[in-house]
$ cat structure-v4.tsv   # TSV, C-alpha atoms
chain	number	residue	atom	x	y	z
A	163	MET	CA	87.76	108.22	74.81
A	164	ASN	CA	89.49	108.74	71.47
A	165	ARG	CA	88.10	112.27	71.18
A	166	VAL	CA	89.04	114.81	73.80
A	167	HIS	CA	86.72	117.49	75.09
A	168	LEU	CA	88.24	120.88	75.81
A	169	LEU	CA	86.71	123.17	78.41
A	170	GLY	CA	87.10	126.26	76.26
A	171	THR	CA	90.76	126.84	77.02
A	172	GLY	CA	92.37	125.31	73.96
A	173	LEU	CA	94.19	122.93	76.31
A	174	LEU	CA	93.21	119.58	77.76
A	175	ARG	CA	92.88	120.18	81.51
A	176	ILE	CA	93.91	117.15	83.55
A	177	ALA	CA	94.12	116.64	87.30
A	178	VAL	CA	96.40	114.09	88.94
A	179	VAL	CA	95.21	113.08	92.41
A	180	GLY	CA	98.14	111.85	94.51
A	181	LEU	CA	101.77	112.74	93.79
A	182	GLY	CA	103.55	109.68	95.10
A	183	ALA	CA	105.45	106.98	93.23
A	184	ILE	CA	102.95	106.78	90.37
A	185	GLY	CA	101.22	110.17	90.39
A	186	SER	CA	104.51	112.07	90.22
A	187	GLN	CA	105.42	110.19	87.04
A	188	VAL	CA	102.01	110.86	85.47
A	189	LEU	CA	102.43	114.55	86.30
A	190	TRP	CA	105.87	114.63	84.67
A	191	GLN	CA	104.67	112.93	81.51
A	192	LEU	CA	101.65	115.20	81.15
A	193	SER	CA	103.73	118.31	81.83
A	194	ARG	CA	105.82	117.51	78.76
A	195	ARG	CA	102.82	117.85	76.47
A	196	PRO	CA	102.17	121.37	75.11
A	197	ASP	CA	98.45	120.60	74.67
A	198	VAL	CA	97.86	119.78	78.36
A	199	ASP	CA	97.26	122.00	81.39
A	200	VAL	CA	98.01	119.65	84.30
A	201	HIS	CA	97.35	120.14	87.99
A	202	GLY	CA	98.62	117.81	90.72
A	203	PHE	CA	96.93	117.43	94.10
A	204	GLU	CA	98.77	116.09	97.15
A	205	SER	CA	97.38	115.88	100.68
A	206	SER	CA	100.87	116.34	102.12
A	207	TYR	CA	103.92	117.36	100.06
A	208	PRO	CA	105.73	115.55	97.22
A	209	GLY	CA	108.35	113.21	98.64
A	210	HIS	CA	106.86	112.93	102.14
A	211	PRO	CA	107.75	109.65	103.90
A	212	GLU	CA	104.43	108.37	105.20
A	213	ALA	CA	102.46	106.94	102.28
A	214	GLY	CA	103.79	104.29	99.90
A	215	ALA	CA	107.00	106.05	98.90
A	216	GLY	CA	108.74	106.17	102.28
A	217	GLY	CA	111.41	103.93	103.72
A	218	GLU	CA	114.50	105.38	102.00
A	219	SER	CA	114.98	102.51	99.54
A	220	ARG	CA	113.22	100.21	97.08
A	221	LEU	CA	114.57	97.32	95.03
A	222	TYR	CA	115.01	97.71	91.30
A	223	ARG	CA	115.02	94.32	89.56
A	224	ASN	CA	115.26	93.60	85.84
A	225	PHE	CA	113.83	90.08	85.82
A	226	GLU	CA	110.15	89.29	86.27
A	227	THR	CA	109.23	86.66	88.87
A	228	ASP	CA	105.52	86.25	88.11
A	229	ASP	CA	104.02	87.24	84.76
A	230	PRO	CA	106.15	87.46	81.57
A	231	ALA	CA	103.63	89.95	80.18
A	232	TYR	CA	105.15	92.54	82.54
A	233	GLU	CA	108.49	92.42	80.74
A	234	PRO	CA	107.73	95.18	78.17
A	235	VAL	CA	106.72	97.43	81.09
A	236	ILE	CA	110.00	96.68	82.91
A	237	HIS	CA	112.05	97.37	79.78
A	238	ARG	CA	110.25	100.65	79.09
A	239	ALA	CA	110.65	101.69	82.72
A	240	ASP	CA	114.41	101.14	82.54
A	241	ALA	CA	114.68	103.51	79.57
A	242	LEU	CA	112.57	106.14	81.31
A	243	TRP	CA	114.57	105.83	84.54
A	244	ARG	CA	117.68	106.69	82.57
A	245	GLU	CA	115.94	109.64	80.94
A	246	LEU	CA	114.65	110.83	84.30
A	247	GLU	CA	118.08	110.69	85.89
A	248	VAL	CA	119.57	112.75	83.07
A	249	ALA	CA	116.76	115.31	83.29
A	250	THR	CA	116.99	115.68	87.08
A	251	ALA	CA	120.79	115.40	87.20
A	252	ARG	CA	120.28	113.13	90.23
A	253	ARG	CA	121.18	109.51	90.88
A	254	LEU	CA	117.76	108.04	91.55
A	255	ARG	CA	118.90	104.40	91.31
A	256	CYS	CA	122.06	103.19	92.99
A	257	PRO	CA	123.65	100.44	90.83
A	258	THR	CA	124.39	97.86	93.50
A	259	GLY	CA	123.18	94.73	91.74
A	260	VAL	CA	120.42	92.58	93.26
A	261	LEU	CA	120.43	88.93	94.30
A	262	LEU	CA	117.29	86.84	93.86
A	263	THR	CA	117.43	83.61	95.83
A	264	GLY	CA	115.25	80.73	96.98
A	265	ASP	CA	114.65	77.03	96.57
A	266	HIS	CA	115.59	75.77	93.12
A	267	ALA	CA	112.01	74.50	92.64
A	268	SER	CA	110.44	77.89	93.38
A	269	PRO	CA	108.13	78.86	90.48
A	270	GLN	CA	109.03	82.52	90.97
A	271	LEU	CA	112.73	81.81	90.74
A	272	GLN	CA	112.26	79.64	87.67
A	273	ARG	CA	110.26	82.39	85.96
A	274	ALA	CA	112.97	84.90	86.82
A	275	LEU	CA	115.61	82.65	85.24
A	276	GLU	CA	113.48	82.44	82.08
A	277	SER	CA	112.98	86.21	82.15
A	278	ALA	CA	116.73	86.74	82.41
A	279	ASP	CA	117.27	84.54	79.35
A	280	ARG	CA	114.72	86.53	77.34
A	281	SER	CA	115.96	89.94	78.46
A	282	GLY	CA	119.43	89.85	76.95
A	283	LYS	CA	120.71	91.58	80.08
A	284	PRO	CA	123.69	90.16	81.97
A	285	SER	CA	122.92	87.68	84.74
A	286	ARG	CA	124.53	84.80	86.58
A	287	THR	CA	123.04	81.70	88.18
A	288	LEU	CA	124.66	80.65	91.44
A	289	ALA	CA	124.74	77.14	92.90
A	290	PRO	CA	124.57	76.67	96.72
A	291	ASP	CA	128.34	76.61	97.17
A	292	GLU	CA	128.73	79.76	95.07
A	293	LEU	CA	126.06	81.50	97.14
A	294	ARG	CA	127.92	80.64	100.33
A	295	VAL	CA	131.20	81.98	98.97
A	296	ASN	CA	129.88	85.13	97.29
A	297	HIS	CA	127.18	86.02	99.83
A	298	PRO	CA	128.42	84.70	103.17
A	299	GLN	CA	125.87	86.65	105.22
A	300	LEU	CA	123.04	84.43	103.96
A	301	ALA	CA	122.15	81.03	105.39
A	302	VAL	CA	122.01	78.77	102.34
A	303	SER	CA	120.44	75.33	102.08
A	304	ASP	CA	121.59	72.66	99.64
A	305	THR	CA	118.44	73.20	97.54
A	306	ASP	CA	118.91	76.97	97.21
A	307	ILE	CA	120.11	78.73	94.08
A	308	GLY	CA	120.64	82.38	93.27
A	309	LEU	CA	120.15	84.68	90.31
A	310	TRP	CA	122.52	87.64	90.25
A	311	ASP	CA	121.16	90.73	88.48
A	312	PRO	CA	124.22	92.98	88.11
A	313	GLN	CA	122.19	95.84	86.59
A	314	GLY	CA	119.66	95.82	89.42
A	315	GLY	CA	119.93	98.29	92.23
A	316	VAL	CA	118.26	100.41	94.87
A	317	ILE	CA	115.79	103.19	94.18
A	318	ARG	CA	115.81	106.35	96.30
A	319	PRO	CA	112.02	106.74	96.60
A	320	GLU	CA	111.50	110.05	98.37
A	321	LEU	CA	114.12	111.80	96.21
A	322	THR	CA	112.62	110.28	93.06
A	323	VAL	CA	109.18	111.67	93.87
A	324	SER	CA	110.35	115.17	94.80
A	325	ALA	CA	112.76	115.44	91.87
A	326	THR	CA	110.16	114.22	89.38
A	327	VAL	CA	107.55	116.68	90.63
A	328	GLY	CA	110.21	119.39	90.43
A	329	LEU	CA	110.73	118.57	86.75
A	330	ALA	CA	106.99	118.76	86.15
A	331	THR	CA	106.62	122.15	87.83
A	332	GLY	CA	109.54	123.38	85.77
A	333	ASN	CA	107.56	122.36	82.71
A	334	GLY	CA	104.53	124.34	83.90
A	335	ALA	CA	102.57	121.83	85.98
A	336	VAL	CA	100.64	123.37	88.88
A	337	VAL	CA	101.03	121.56	92.21
A	338	HIS	CA	98.50	121.94	95.02
A	339	ASP	CA	100.31	120.51	98.03
A	340	PHE	CA	98.68	120.13	101.44
A	341	THR	CA	95.40	119.90	99.54
A	342	ARG	CA	93.24	116.86	100.22
A	343	VAL	CA	90.85	115.75	97.49
A	344	THR	CA	87.53	114.83	99.10
A	345	SER	CA	85.58	113.66	96.03
A	346	VAL	CA	85.79	113.16	92.28
A	347	ASP	CA	82.51	113.13	90.38
A	348	GLY	CA	80.88	114.03	87.10
A	349	ALA	CA	80.20	117.63	86.08
A	350	GLY	CA	78.46	117.77	82.71
A	351	ASP	CA	81.07	116.92	80.11
A	352	GLY	CA	83.89	117.19	82.63
A	353	VAL	CA	85.02	115.82	85.97
A	354	ARG	CA	84.76	117.80	89.19
A	355	VAL	CA	87.52	117.58	91.80
A	356	ARG	CA	86.50	118.78	95.26
A	357	THR	CA	89.13	119.73	97.80
A	358	SER	CA	89.29	121.54	101.10
A	359	ASP	CA	89.86	124.69	99.04
A	360	GLY	CA	86.80	124.31	96.82
A	361	ALA	CA	86.03	122.62	93.51
A	362	ARG	CA	87.64	122.65	90.07
A	363	THR	CA	86.47	121.03	86.85
A	364	PHE	CA	88.78	119.15	84.49
A	365	ASP	CA	88.49	117.25	81.24
A	366	ARG	CA	90.22	114.21	82.70
A	367	VAL	CA	91.30	113.07	86.15
A	368	VAL	CA	93.97	110.49	87.00
A	369	ILE	CA	93.56	108.99	90.47
A	370	ALA	CA	96.88	107.61	91.73
A	371	CYS	CA	96.65	108.06	95.48
A	372	GLY	CA	97.70	104.56	96.54
A	373	GLY	CA	96.11	103.44	99.80
A	374	TRP	CA	93.55	106.25	99.63
A	375	THR	CA	92.15	105.24	96.22
A	376	THR	CA	89.38	103.10	97.69
A	377	THR	CA	88.36	106.06	99.89
A	378	LEU	CA	87.58	108.04	96.73
A	379	ARG	CA	86.35	104.97	94.84
A	380	PRO	CA	84.66	102.62	97.37
A	381	ASP	CA	83.36	100.36	94.57
A	382	LEU	CA	86.95	99.10	94.12
A	383	ARG	CA	86.93	97.44	97.54
A	384	ASP	CA	85.82	94.15	96.03
A	385	THR	CA	89.05	94.13	93.99
A	386	VAL	CA	91.60	96.29	95.81
A	387	VAL	CA	92.64	96.00	99.45
A	388	VAL	CA	94.89	98.30	101.48
A	389	ARG	CA	97.53	96.95	103.84
A	390	ARG	CA	99.92	98.50	106.33
A	391	LEU	CA	103.39	97.08	105.91
A	392	THR	CA	106.25	97.38	108.35
A	393	SER	CA	109.93	97.78	107.53
A	394	ALA	CA	112.57	97.10	110.17
A	395	TRP	CA	116.23	98.10	110.29
A	396	PHE	CA	118.75	95.78	111.95
A	397	HIS	CA	122.39	95.99	113.01
A	398	GLY	CA	124.74	93.07	112.57
A	399	GLU	CA	126.12	91.27	115.62
A	400	ASP	CA	129.51	92.71	114.69
A	401	ASP	CA	130.70	95.60	112.53
A	402	ASP	CA	131.86	93.38	109.69
A	403	TYR	CA	128.75	91.22	109.18
A	404	LEU	CA	126.92	93.52	106.74
A	405	ARG	CA	130.03	94.87	105.04
A	406	GLY	CA	129.86	94.15	101.31
A	407	MET	CA	126.37	92.71	101.47
A	408	VAL	CA	124.12	93.27	98.44
A	409	PRO	CA	120.36	93.83	98.29
A	410	PHE	CA	118.42	90.59	97.99
A	411	MET	CA	114.95	89.15	97.63
A	412	ARG	CA	113.99	85.62	98.64
A	413	THR	CA	111.05	83.99	96.88
A	414	ALA	CA	107.96	82.38	98.42
A	415	PRO	CA	107.22	80.40	100.52
A	416	SER	CA	109.91	82.17	102.56
A	417	TYR	CA	109.48	85.56	100.91
A	418	CYS	CA	111.46	88.46	102.33
A	419	TYR	CA	113.86	91.10	101.14
A	420	GLY	CA	116.77	93.05	102.51
A	421	ILE	CA	118.36	96.34	101.48
A	422	PRO	CA	121.65	97.24	103.23
A	423	ALA	CA	122.37	100.85	104.06
A	424	GLY	CA	125.44	102.42	102.53
A	425	GLY	CA	128.56	101.42	104.44
A	426	GLY	CA	126.93	98.32	105.90
A	427	SER	CA	125.70	99.99	109.10
A	428	THR	CA	122.18	98.49	108.98
A	429	ILE	CA	119.92	96.46	106.71
A	430	LYS	CA	116.24	97.16	106.05
A	431	LEU	CA	114.10	94.01	106.04
A	432	GLY	CA	110.65	93.57	104.55
A	433	LEU	CA	108.03	90.84	104.75
A	434	GLY	CA	105.25	89.52	102.52
A	435	PHE	CA	101.55	90.27	102.15
A	436	ASN	CA	100.33	87.92	104.88
A	437	ASP	CA	102.44	89.75	107.47
A	438	HIS	CA	100.90	93.10	106.56
A	439	HIS	CA	97.93	94.48	108.48
A	440	PRO	CA	94.53	95.14	106.84
A	441	VAL	CA	93.61	98.83	106.74
A	442	PRO	CA	89.91	99.75	107.00
A	443	ASP	CA	90.71	103.48	107.12
A	444	PRO	CA	94.07	104.83	105.88
A	445	ASP	CA	93.61	108.03	107.88
A	446	ALA	CA	93.37	106.08	111.14
A	447	VAL	CA	96.55	104.02	110.75
A	448	ALA	CA	98.92	104.00	113.71
A	449	ARG	CA	102.22	105.33	112.42
A	450	THR	CA	104.31	103.87	115.22
A	451	PRO	CA	104.52	100.07	115.10
A	452	ALA	CA	103.95	98.24	118.37
A	453	PRO	CA	107.20	96.76	119.78
A	454	GLU	CA	105.84	93.21	119.45
A	455	GLU	CA	105.72	93.62	115.67
A	456	ALA	CA	109.47	93.03	115.74
A	457	GLU	CA	108.69	89.35	116.35
A	458	ARG	CA	107.41	89.03	112.79
A	459	PHE	CA	111.01	89.39	111.59
A	460	SER	CA	112.54	86.84	113.95
A	461	TRP	CA	112.38	83.98	111.43
A	462	ILE	CA	114.57	85.98	109.03
A	463	VAL	CA	117.24	86.26	111.73
A	464	ASP	CA	116.89	82.55	112.49
A	465	ASP	CA	116.73	81.18	108.95
A	466	VAL	CA	118.15	83.76	106.52
A	467	LEU	CA	120.53	86.25	108.20
A	468	PRO	CA	121.81	84.62	111.39
A	469	GLY	CA	124.44	87.29	111.99
A	470	LEU	CA	121.91	90.03	112.73
A	471	GLN	CA	121.04	91.31	116.17
A	472	ARG	CA	117.79	89.84	117.42
A	473	ARG	CA	115.87	93.11	117.67
A	474	PRO	CA	115.61	95.96	115.14
A	475	VAL	CA	116.96	99.42	115.83
A	476	ARG	CA	113.85	101.00	114.35
A	477	MET	CA	110.62	100.20	112.52
A	478	SER	CA	108.40	102.25	110.23
A	479	THR	CA	105.04	101.68	108.57
A	480	TYR	CA	103.73	102.46	105.09
A	481	LEU	CA	100.58	101.82	103.09
A	482	GLU	CA	100.30	99.70	99.96
A	483	SER	CA	97.33	98.68	97.83
A	484	TYR	CA	96.93	95.17	96.41
A	485	THR	CA	94.60	93.64	93.86
A	486	THR	CA	93.28	90.13	94.31
A	487	SER	CA	95.31	89.06	91.26
A	488	MET	CA	98.50	90.84	92.43
A	489	HIS	CA	98.38	92.61	89.03
A	490	ASP	CA	98.09	96.38	88.73
A	491	TYR	CA	94.67	97.99	88.39
A	492	ILE	CA	95.06	100.27	85.38
A	493	GLY	CA	92.01	101.50	83.48
A	494	PHE	CA	89.02	103.77	83.37
A	495	ASP	CA	86.54	104.27	86.19
A	496	ARG	CA	83.44	102.07	85.94
A	497	GLN	CA	81.11	105.04	86.35
A	498	LEU	CA	83.12	107.97	84.98
A	499	PRO	CA	85.03	107.23	81.74
A	500	GLY	CA	86.89	110.54	82.13
A	501	VAL	CA	88.66	109.16	85.21
A	502	VAL	CA	91.77	106.97	84.92
A	503	LEU	CA	92.53	104.72	87.89
A	504	LEU	CA	96.09	103.63	88.70
A	505	THR	CA	96.19	101.53	91.86
A	506	GLY	CA	96.79	98.10	93.35
A	507	PHE	CA	100.46	97.85	92.41
A	508	SER	CA	100.87	95.07	94.95
A	509	GLY	CA	104.38	95.89	96.10
A	510	HIS	CA	106.08	96.12	92.70
A	511	GLY	CA	104.97	99.51	91.39
A	512	PHE	CA	107.98	101.68	92.17
A	513	LYS	CA	110.45	99.86	89.95
A	514	VAL	CA	108.18	100.38	86.91
A	515	SER	CA	106.67	103.70	88.00
A	516	PRO	CA	108.07	105.77	85.09
A	517	ALA	CA	106.45	103.39	82.60
A	518	ILE	CA	103.17	103.37	84.55
A	519	GLY	CA	103.25	107.16	84.55
A	520	GLU	CA	103.62	107.16	80.79
A	521	ILE	CA	100.78	104.64	80.40
A	522	GLY	CA	98.52	106.71	82.66
A	523	ALA	CA	99.28	109.90	80.76
A	524	GLN	CA	98.55	108.18	77.45
A	525	LEU	CA	95.25	106.80	78.72
A	526	ALA	CA	94.22	110.26	79.90
A	527	THR	CA	95.11	111.97	76.62
A	528	GLN	CA	94.66	109.27	73.96
A	529	GLY	CA	92.32	106.73	75.54
A	530	GLU	CA	94.87	103.95	75.03
A	531	SER	CA	98.52	103.24	75.77
A	532	ASP	CA	101.42	102.21	73.57
A	533	ILE	CA	102.02	99.17	75.78
A	534	ASP	CA	99.11	96.75	75.86
A	535	VAL	CA	98.05	96.28	79.49
A	536	GLY	CA	95.09	94.06	78.76
A	537	PHE	CA	96.86	91.16	80.45
A	538	LEU	CA	96.29	92.88	83.80
A	539	ARG	CA	92.51	92.43	83.53
A	540	ASP	CA	92.83	88.77	82.57
A	541	ALA	CA	94.98	87.69	85.52
A	542	PRO	CA	93.21	85.22	87.87
A	543	PRO	CA	92.83	86.01	91.57
A	544	VAL	CA	95.34	84.55	94.02
A	545	PHE	CA	93.43	85.52	97.16
A	546	ASP	CA	89.91	86.61	98.10
A	547	ILE	CA	88.73	89.66	99.98
A	548	VAL	CA	86.61	88.20	102.77
A	549	ASP	CA	85.42	91.52	104.21
A	550	PRO	CA	85.74	94.63	101.99
A	551	GLU	CA	85.06	96.95	104.92
A	552	THR	CA	87.86	95.69	107.16
A	553	GLY	CA	90.18	94.47	104.37
A	554	ARG	CA	90.35	90.92	105.71
A	555	THR	CA	91.52	88.43	103.07
A	556	THR	CA	92.39	84.80	102.54
A	557	HIS	CA	96.01	83.62	102.44
A	558	ASN	CA	98.15	84.94	99.58
A	559	HIS	CA	100.76	82.41	98.44
A	560	ILE	CA	102.47	84.68	95.88
A	561	VAL	CA	104.50	86.65	98.44
A	562	SER	CA	104.11	84.31	101.38
A	563	SER	CA	106.64	84.45	104.20
A	564	ARG	CA	105.18	81.48	106.05
A	565	PRO	CA	102.39	78.89	105.80
A	566	PRO	CA	98.76	80.00	106.33
A	567	GLU	CA	97.53	80.07	109.90
A	568	THR	CA	95.06	77.32	110.77
$ encode --input "structure-v4.tsv" --output "structure tokens"
Amino acid sequence: MNRVHLLGTGLLRIAVVGLGAIGSQVLWQLSRRPDVDVHGFESSYPGHPEAGAGGESRLYRNFETDDPAYEPVIHRADALWRELEVATARRLRCPTGVLLTGDHASPQLQRALESADRSGKPSRTLAPDELRVNHPQLAVSDTDIGLWDPQGGVIRPELTVSATVGLATGNGAVVHDFTRVTSVDGAGDGVRVRTSDGARTFDRVVIACGGWTTTLRPDLRDTVVVRRLTSAWFHGEDDDYLRGMVPFMRTAPSYCYGIPAGGGSTIKLGLGFNDHHPVPDPDAVARTPAPEEAERFSWIVDDVLPGLQRRPVRMSTYLESYTTSMHDYIGFDRQLPGVVLLTGFSGHGFKVSPAIGEIGAQLATQGESDIDVGFLRDAPPVFDIVDPETGRTTHNHIVSSRPPET
């Protein structure tokens, strides 16, 4: 992979399959290279709301809750976010600050506190009484603590994707929207990408199509599983309840997160892995959640945000891919070394997406990345895939919202 093969054009021809959170960043990075002719393929359009980049908001956190080896990726992503915002002249992250909270004995919270110490970024640890005073919307137990991340914030996901792809096309990238890729396979010294419009051959291909990755690469189903997650938006019981509230994440075993809308009109709530639905076929997913799915959020109203109305005002669904280790799958295809796979971001990919895009672009052009991602391969599994065809798994304690069902 250290030597590149050119298809007679004088340029390295690279295809990026999927232009969502990750693929858009790969496209941008490759478009900046004068020695690359890059094409992006998207089954819908960049910035559409129905894959993994929908939902209007994502948390941006500076402190790592699980593996300290991620910290160089987080730091690099922060620098690239700033560069991206300058280049697009858009505010892609809203600097609201983010509160991380949970039981003081939570391993995730303890790791985040250690990460904050190592980072050199400002932070503040809050005792239970301080949480009650500063964040009165939250129900706080005497064993809870908080970690305030004042430089955290909220990502605007759809805008980020569309603006990033716009930068790339301005640099000369070719975007094939409404073009579904049906297969990626070998073609002599190159890689053939088949679409509904025909076939094209490239030197390298980067597959970054989220929940559809295992459709193109079924051999990954023993490692990567696709889940349908549901977000729900709630009103407060009165107009003042959500006013001044900040985005938060609560750690396992009562994992959840909340992102208030501007002005405090509603708050978007999200649940953990075990409350997401397995997805055998991403093209057959029901896009309208059943009304009874609202019950999955009732414990948050009972135990975390008691001032919310009981029922959400709306719900939406999205697809996410997870690895059994909850660590990103970044590397070369097992059968085709000219194919780079970027998948399984397990719910934390968007905040570091600019850095992942840079890593993917470097793998495609250089065969290695500046940041060592070998730690991803060494991470032990935290759940098992019981049935690769249906996506059924064992309990996942890392982002658990409740105990396993017996």
$ closest_atom_pairs --input "structure-v4.tsv" --of "range 394-453 of chain A" --to "range 273-280 of chain A" --cutoff "12 Å" --atoms "all atoms listed in the file" --output "CSV"
residue,atom,partner,partner_atom,distance
A:Met411,CA,A:Ala274,CA,11.8
A:Arg412,CA,A:Ala274,CA,11.9
A:Thr413,CA,A:Ala274,CA,10.3
$ atom_distance --input "structure-v4.tsv" --atom1 "CA of Glu226 in chain A" --atom2 "CA of Lys283 in chain A"
12.5 Å
$ closest_atom_pairs --input "structure-v4.tsv" --of "range 209-265 of chain A" --to "range 291-312 of chain A" --cutoff "12 Å" --atoms "only C-alpha atoms" --output "tab-separated table"
residue	atom	partner	partner_atom	distance
A:Leu221	CA	A:Asp311	CA	11.4
A:Tyr222	CA	A:Asp311	CA	9.7
A:Arg223	CA	A:Asp311	CA	7.2
A:Asn224	CA	A:Asp311	CA	7.1
A:Phe225	CA	A:Asp311	CA	7.8
A:Glu226	CA	A:Asp311	CA	11.3
A:Thr227	CA	A:Leu309	CA	11.2
A:Cys256	CA	A:Pro312	CA	11.5
A:Pro257	CA	A:Pro312	CA	8.0
A:Thr258	CA	A:Pro312	CA	7.3
A:Gly259	CA	A:Pro312	CA	4.2
A:Val260	CA	A:Asp311	CA	5.2
A:Leu261	CA	A:Trp310	CA	4.7
A:Leu262	CA	A:Leu309	CA	5.0
A:Thr263	CA	A:Gly308	CA	4.3
A:Gly264	CA	A:Asp306	CA	5.3
A:Asp265	CA	A:Asp306	CA	4.3
$ residues_near_point --input "structure-v4.tsv" --point "(107.7, 100.0, 86.2)" --cutoff "8 Å" --atoms "only C-alpha atoms" --output "list in words"
Val235, Ile236, Arg238, Ala239, Asp240, His510, Gly511, Phe512, Lys513, Val514, Ser515, Pro516, Ala517 and Ile518 of chain A
$ residues_around --input "structure-v4.tsv" --residues "Leu382 in chain A" --least-positions-apart "5" --cutoff "10 Å" --atoms "only C-alpha atoms" --output "list in words"
Thr375, Thr376, Thr377, Val387, Thr485, Tyr491, Asp495, Arg496, Thr505, Gly506 and Pro550 of chain A
$ closest_residue --input "structure-v4.tsv" --among "A:Val501, A:Ala361, A:Val466, A:Ala231" --to "His489 in chain A" --atoms "all atoms listed in the file"
A:Ala231
$ closest_residue --input "structure-v4.tsv" --among "A:Ser508, A:Gly282, A:Gly352, A:Ser206" --to "His237 in chain A" --atoms "all atoms listed in the file"
A:Gly282
$ residues_around --input "structure-v4.tsv" --residues "Arg356 in chain A" --least-positions-apart "3" --cutoff "9 Å" --atoms "only C-alpha atoms" --output "mmCIF file with C-alpha atoms, in the coordinates of the input"
data_model
loop_
_atom_site.group_PDB
_atom_site.id
_atom_site.type_symbol
_atom_site.label_atom_id
_atom_site.label_comp_id
_atom_site.auth_asym_id
_atom_site.auth_seq_id
_atom_site.Cartn_x
_atom_site.Cartn_y
_atom_site.Cartn_z
ATOM 1 C CA ARG A 342 93.240 116.860 100.220
ATOM 2 C CA VAL A 343 90.850 115.750 97.490
ATOM 3 C CA THR A 344 87.530 114.830 99.100
ATOM 4 C CA SER A 345 85.580 113.660 96.030
ATOM 5 C CA VAL A 346 85.790 113.160 92.280
ATOM 6 C CA ASP A 347 82.510 113.130 90.380
ATOM 7 C CA ASP A 359 89.860 124.690 99.040
ATOM 8 C CA GLY A 360 86.800 124.310 96.820
ATOM 9 C CA ALA A 361 86.030 122.620 93.510
ATOM 10 C CA ARG A 362 87.640 122.650 90.070
ATOM 11 C CA THR A 363 86.470 121.030 86.850
#
$ closest_residue --input "structure-v4.tsv" --among "A:Tyr480, A:Trp190, A:Phe435, A:Phe459" --to "Val544 in chain A" --atoms "all atoms listed in the file"
A:Phe435
$ atom_distance --input "structure-v4.tsv" --atom1 "CA of Thr385 in chain A" --atom2 "CA of Phe545 in chain A"
10.2 Å
$ atom_distance --input "structure-v4.tsv" --atom1 "CA of Pro542 in chain A" --atom2 "CA of Phe494 in chain A"
19.5 Å
$ closest_residue --input "structure-v4.tsv" --among "A:Pro269, A:Gly426, A:Gly509, A:Gly217" --to "Gly406 in chain A" --atoms "all atoms listed in the file"
A:Gly426
$ closest_atom_pairs --input "structure-v4.tsv" --of "range 185-227 of chain A" --to "range 438-448 of chain A" --cutoff "12 Å" --atoms "only C-alpha atoms" --output "CSV"
residue,atom,partner,partner_atom,distance
A:Ser205,CA,A:Asp445,CA,11.3
A:Glu212,CA,A:Val447,CA,10.6
A:Ala213,CA,A:Pro444,CA,9.4
A:Gly214,CA,A:Pro444,CA,11.4
$ closest_residue --input "structure-v4.tsv" --among "A:Val548, A:Met488, A:Ala394, A:Leu503" --to "Gly372 in chain A" --atoms "only C-alpha atoms"
A:Leu503
$ closest_residue --input "structure-v4.tsv" --among "A:Ile184, A:Ala177, A:Val323, A:Ala414" --to "Ile560 in chain A" --atoms "only C-alpha atoms"
A:Ala414
$ decode --input "structure-v4.tsv" --residues "range 272-291 of chain A" --atoms "C-alpha atoms" --output "PDB file, in the first residue's frame"
ATOM      1  CA  GLN A 272     -13.844   8.652  36.270  1.00  0.00           C
ATOM      2  CA  ARG A 273     -12.100   8.216  32.921  1.00  0.00           C
ATOM      3  CA  ALA A 274     -13.564  11.518  31.731  1.00  0.00           C
ATOM      4  CA  LEU A 275     -12.200  13.273  34.827  1.00  0.00           C
ATOM      5  CA  GLU A 276      -8.757  11.810  34.102  1.00  0.00           C
ATOM      6  CA  SER A 277      -9.071  12.831  30.449  1.00  0.00           C
ATOM      7  CA  ALA A 278      -9.929  16.387  31.487  1.00  0.00           C
ATOM      8  CA  ASP A 279      -6.804  16.519  33.656  1.00  0.00           C
ATOM      9  CA  ARG A 280      -4.615  15.342  30.771  1.00  0.00           C
ATOM     10  CA  SER A 281      -6.194  17.617  28.176  1.00  0.00           C
ATOM     11  CA  GLY A 282      -5.208  20.970  29.627  1.00  0.00           C
ATOM     12  CA  LYS A 283      -8.626  22.284  28.623  1.00  0.00           C
ATOM     13  CA  PRO A 284     -10.816  24.093  31.156  1.00  0.00           C
ATOM     14  CA  SER A 285     -13.216  21.954  33.166  1.00  0.00           C
ATOM     15  CA  ARG A 286     -15.024  21.956  36.484  1.00  0.00           C
ATOM     16  CA  THR A 287     -16.110  19.114  38.756  1.00  0.00           C
ATOM     17  CA  LEU A 288     -19.480  19.608  40.423  1.00  0.00           C
ATOM     18  CA  ALA A 289     -20.632  18.048  43.694  1.00  0.00           C
ATOM     19  CA  PRO A 290     -24.324  17.065  44.126  1.00  0.00           C
ATOM     20  CA  ASP A 291     -25.322  20.366  45.715  1.00  0.00           C
TER      21      ASP A 291
END
